[in-house]
Amino acid sequence: MNRKRMTQEERKQETRKMLLDSAAEIFAQFGFHGATVDKIAEFAGYSKGAVYANFNSKEELFLALLEQKMKSHVDTIHQIMKQQHSIDHFIERMDYYFDLDRQTNRVWSILNMEFLLYAMRQESVREKWTAMIVESVEQISGVIEKMMEQENQVSTLSAEELAWTILSLENGMAIFHYIAEGRTPLNLYGKALQNIFKPS
């Protein structure tokens, strides 16, 4: 049986995916500043021109990876919220997921910190990252609002404020977890969520 010939758009999407996979590997090996477009192209088996035909810069490549990671993270939070029958179950699953994420995504978290300092000095990059964060907050807050309504739960924080708090708590605790080599209190994330969503 003959394989179906890919369309030009399908070939373009495949090339883009391979370049992103290569970029993820090179960023992980060399860090954001140590990675180069040449290394990314070589690892993917493409020319540097092929990289620039799909991405304007190394920053754009990293932002595309960041967008993938953030979308995956928000999708996971959505699934946890939809699958749990109560806020208590949601908090329990979120605590488990957060602990698992810290164990499996150490390299990516360090890359995030490195890129954060760069983005704070580059206004155009910072604006693009901000837009991604705001979109994530909007999506999470929508699901939080529905969950709070179903539970007849009232919070002093709005759904949007709760979404900002969750993301801020995750990022802040991840930073201290890696710096302090796991000396942060056990299950602190879940305990904090409990106090945020169901204050006594």
# chains A, B, ... in the order shown; residues from 1 in each chain; ligands from 1
$ select_by_dssp --residues "range 122-162 of chain A" --states "helix (DSSP H, G or I)" --output "PyMOL selection string"
chain A and resi 123-150+159-162
$ write_last_selection --atoms "N, CA and C atoms" --output "CSV table (one decimal), in the first residue's frame"
chain,number,residue,atom,x,y,z
A,123,GLU,N,11.4,43.7,26.5
A,123,GLU,CA,10.0,44.1,26.6
A,123,GLU,C,9.1,43.3,25.7
A,124,SER,N,9.6,43.0,24.4
A,124,SER,CA,8.7,42.3,23.5
A,124,SER,C,8.5,40.9,23.9
A,125,VAL,N,9.6,40.2,24.5
A,125,VAL,CA,9.5,38.9,25.0
A,125,VAL,C,8.6,38.8,26.2
A,126,ARG,N,8.8,39.8,27.1
A,126,ARG,CA,7.9,39.8,28.3
A,126,ARG,C,6.5,40.0,28.0
A,127,GLU,N,6.1,40.8,27.0
A,127,GLU,CA,4.7,41.0,26.6
A,127,GLU,C,4.1,39.7,26.1
A,128,LYS,N,4.9,39.0,25.3
A,128,LYS,CA,4.4,37.7,24.7
A,128,LYS,C,4.1,36.7,25.8
A,129,TRP,N,5.0,36.6,26.8
A,129,TRP,CA,4.9,35.7,27.9
A,129,TRP,C,3.7,36.1,28.7
A,130,THR,N,3.6,37.4,29.0
A,130,THR,CA,2.5,37.9,29.8
A,130,THR,C,1.1,37.5,29.1
A,131,ALA,N,1.0,37.6,27.8
A,131,ALA,CA,-0.2,37.3,27.1
A,131,ALA,C,-0.5,35.8,27.3
A,132,MET,N,0.5,34.9,27.3
A,132,MET,CA,0.3,33.5,27.6
A,132,MET,C,-0.3,33.3,29.0
A,133,ILE,N,0.3,34.0,30.0
A,133,ILE,CA,0.0,33.8,31.4
A,133,ILE,C,-1.5,34.3,31.6
A,134,VAL,N,-1.8,35.4,31.0
A,134,VAL,CA,-3.2,36.0,31.1
A,134,VAL,C,-4.2,35.0,30.5
A,135,GLU,N,-3.9,34.4,29.4
A,135,GLU,CA,-4.8,33.5,28.8
A,135,GLU,C,-5.0,32.2,29.7
A,136,SER,N,-3.9,31.8,30.3
A,136,SER,CA,-4.0,30.6,31.2
A,136,SER,C,-4.8,31.0,32.4
A,137,VAL,N,-4.7,32.2,33.0
A,137,VAL,CA,-5.5,32.6,34.1
A,137,VAL,C,-6.9,32.6,33.7
A,138,GLU,N,-7.3,33.1,32.6
A,138,GLU,CA,-8.7,33.2,32.1
A,138,GLU,C,-9.3,31.8,32.0
A,139,GLN,N,-8.5,30.9,31.5
A,139,GLN,CA,-9.1,29.5,31.3
A,139,GLN,C,-9.3,28.9,32.7
A,140,ILE,N,-8.3,29.0,33.5
A,140,ILE,CA,-8.4,28.3,34.9
A,140,ILE,C,-9.5,29.0,35.7
A,141,SER,N,-9.6,30.3,35.6
A,141,SER,CA,-10.6,31.0,36.5
A,141,SER,C,-12.0,30.6,36.0
A,142,GLY,N,-12.2,30.3,34.8
A,142,GLY,CA,-13.5,29.9,34.3
A,142,GLY,C,-13.9,28.6,34.9
A,143,VAL,N,-13.0,27.6,35.0
A,143,VAL,CA,-13.3,26.3,35.6
A,143,VAL,C,-13.5,26.4,37.1
A,144,ILE,N,-12.6,27.3,37.7
A,144,ILE,CA,-12.8,27.5,39.2
A,144,ILE,C,-14.1,28.0,39.5
A,145,GLU,N,-14.6,29.0,38.7
A,145,GLU,CA,-15.9,29.6,39.0
A,145,GLU,C,-17.0,28.6,39.0
A,146,LYS,N,-17.0,27.7,38.0
A,146,LYS,CA,-18.0,26.6,37.9
A,146,LYS,C,-17.9,25.6,39.1
A,147,MET,N,-16.7,25.3,39.4
A,147,MET,CA,-16.5,24.4,40.5
A,147,MET,C,-17.0,25.0,41.9
A,148,MET,N,-16.7,26.2,42.1
A,148,MET,CA,-17.1,26.9,43.3
A,148,MET,C,-18.7,27.0,43.4
A,149,GLU,N,-19.3,27.2,42.2
A,149,GLU,CA,-20.8,27.3,42.1
A,149,GLU,C,-21.4,26.0,42.5
A,150,GLN,N,-20.8,24.9,41.9
A,150,GLN,CA,-21.3,23.5,42.1
A,150,GLN,C,-21.2,23.2,43.6
A,159,ALA,N,-12.7,34.3,41.3
A,159,ALA,CA,-12.1,33.1,40.6
A,159,ALA,C,-10.8,33.5,39.9
A,160,GLU,N,-10.8,34.7,39.4
A,160,GLU,CA,-9.5,35.2,38.7
A,160,GLU,C,-8.4,35.3,39.7
A,161,GLU,N,-8.7,35.8,40.9
A,161,GLU,CA,-7.6,35.9,41.9
A,161,GLU,C,-7.2,34.6,42.4
A,162,LEU,N,-8.1,33.6,42.5
A,162,LEU,CA,-7.7,32.3,42.8
A,162,LEU,C,-6.8,31.6,41.8
$ residues_around --residues "range 93-97 of chain A" --least-positions-apart "3" --cutoff "10 Å" --atoms "only C-alpha atoms" --output "list in words"
Thr76, Ile77, Ile80, Met81, Gln83, Gln84, Ile87, Asp88, His89, Phe90, Leu100, Asp101, Arg102, Gln103, Asn187, Leu188, Tyr189, Gly190, Lys191, Ala192 and Leu193 of chain A
$ write_last_selection --atoms "N, CA and C atoms" --output "compact mmCIF listing (two decimals), in the first residue's frame"
# COMPACT_ATOMS: atom_id res chain seq x y z
N THR A 76 -4.19 19.99 32.06
CA THR A 76 -4.16 19.04 33.18
C THR A 76 -5.01 19.55 34.34
N ILE A 77 -4.89 20.84 34.65
CA ILE A 77 -5.70 21.43 35.72
C ILE A 77 -7.18 21.32 35.39
N ILE A 80 -8.27 17.73 36.01
CA ILE A 80 -8.37 17.44 37.44
C ILE A 80 -9.66 18.04 38.01
N MET A 81 -9.97 19.28 37.62
CA MET A 81 -11.17 19.94 38.12
C MET A 81 -12.44 19.22 37.66
N GLN A 83 -12.75 16.04 36.78
CA GLN A 83 -12.86 14.65 37.24
C GLN A 83 -13.15 14.52 38.73
N GLN A 84 -12.86 15.55 39.50
CA GLN A 84 -13.04 15.45 40.94
C GLN A 84 -14.47 15.83 41.35
N ILE A 87 -14.25 19.85 46.12
CA ILE A 87 -13.06 20.68 46.25
C ILE A 87 -11.97 19.93 47.00
N ASP A 88 -12.35 19.13 48.00
CA ASP A 88 -11.36 18.35 48.75
C ASP A 88 -10.62 17.37 47.84
N HIS A 89 -11.36 16.70 46.96
CA HIS A 89 -10.74 15.77 46.02
C HIS A 89 -9.85 16.53 45.04
N PHE A 90 -10.32 17.68 44.61
CA PHE A 90 -9.54 18.51 43.68
C PHE A 90 -8.20 18.90 44.32
N LEU A 100 4.43 15.47 41.62
CA LEU A 100 4.92 14.69 40.48
C LEU A 100 5.60 15.59 39.46
N ASP A 101 5.01 16.76 39.22
CA ASP A 101 5.56 17.70 38.24
C ASP A 101 6.94 18.20 38.67
N ARG A 102 7.12 18.46 39.94
CA ARG A 102 8.42 18.91 40.45
C ARG A 102 9.49 17.85 40.25
N GLN A 103 9.10 16.59 40.39
CA GLN A 103 10.06 15.49 40.26
C GLN A 103 10.46 15.24 38.81
N ASN A 187 3.79 18.36 51.59
CA ASN A 187 2.38 18.63 51.29
C ASN A 187 1.95 20.08 51.55
N LEU A 188 2.93 20.99 51.55
CA LEU A 188 2.61 22.39 51.81
C LEU A 188 1.68 22.96 50.73
N TYR A 189 1.89 22.56 49.49
CA TYR A 189 1.05 23.06 48.39
C TYR A 189 -0.41 22.72 48.63
N GLY A 190 -0.69 21.45 48.97
CA GLY A 190 -2.06 21.04 49.22
C GLY A 190 -2.67 21.74 50.42
N LYS A 191 -1.86 21.90 51.48
CA LYS A 191 -2.35 22.60 52.67
C LYS A 191 -2.67 24.06 52.36
N ALA A 192 -1.84 24.67 51.52
CA ALA A 192 -2.08 26.07 51.14
C ALA A 192 -3.37 26.19 50.33
N LEU A 193 -3.57 25.25 49.39
CA LEU A 193 -4.81 25.26 48.59
C LEU A 193 -6.03 25.08 49.50
$ residues_around --residues "range 9-20 of chain A" --least-positions-apart "6" --cutoff "12 Å" --atoms "only C-alpha atoms" --output "VMD selection string"
chain A and resid 26 to 27 37 to 55 58 60 to 69
$ write_last_selection --atoms "C-alpha atoms" --output "compact mmCIF listing (two decimals), in the first residue's frame"
# COMPACT_ATOMS: atom_id res chain seq x y z
CA ILE A 26 19.23 21.53 23.09
CA PHE A 27 17.77 23.97 25.63
CA VAL A 37 20.08 28.12 16.36
CA ASP A 38 23.00 26.24 14.73
CA LYS A 39 22.91 23.53 17.41
CA ILE A 40 19.13 23.23 17.19
CA ALA A 41 19.21 22.93 13.39
CA GLU A 42 22.05 20.38 13.47
CA PHE A 43 20.31 18.21 16.07
CA ALA A 44 17.09 18.23 14.02
CA GLY A 45 18.95 17.44 10.79
CA TYR A 46 17.92 20.69 9.10
CA SER A 47 19.73 23.77 7.88
CA LYS A 48 19.73 26.98 9.88
CA GLY A 49 17.60 28.44 7.09
CA ALA A 50 14.88 25.89 7.83
CA VAL A 51 14.78 27.11 11.43
CA TYR A 52 14.38 30.73 10.37
CA ALA A 53 11.72 29.75 7.84
CA ASN A 54 9.60 28.60 10.80
CA PHE A 55 10.78 30.79 13.68
CA LYS A 58 15.78 31.54 19.31
CA GLU A 60 10.46 32.63 19.44
CA LEU A 61 11.42 28.96 19.55
CA PHE A 62 11.58 29.04 23.33
CA LEU A 63 8.27 30.89 23.58
CA ALA A 64 6.65 28.26 21.34
CA LEU A 65 7.91 25.54 23.70
CA LEU A 66 6.75 27.57 26.68
CA GLU A 67 3.30 27.91 25.14
CA GLN A 68 3.12 24.13 24.67
CA LYS A 69 4.10 23.54 28.30
$ atom_distance --atom1 "CA of Ser57 in chain A" --atom2 "CA of Leu117 in chain A"
17.6 Å
$ closest_residue --among "A:Gln122, A:Ser155, A:Gln29, A:Thr36" --to "Ile196 in chain A" --atoms "only C-alpha atoms"
A:Ser155
$ residues_around --residues "Leu111 in chain A" --least-positions-apart "3" --cutoff "10 Å" --atoms "only C-alpha atoms" --output "MDAnalysis selection string"
chainID A and resid 27:28 30:33 62 66 105:108 114:116
$ residues_around --residues "Asn171 in chain A" --least-positions-apart "5" --cutoff "9 Å" --atoms "only C-alpha atoms" --output "VMD selection string"
chain A and resid 109 166 176
$ atom_distance --atom1 "CA of Met70 in chain A" --atom2 "CA of Asn112 in chain A"
11.2 Å
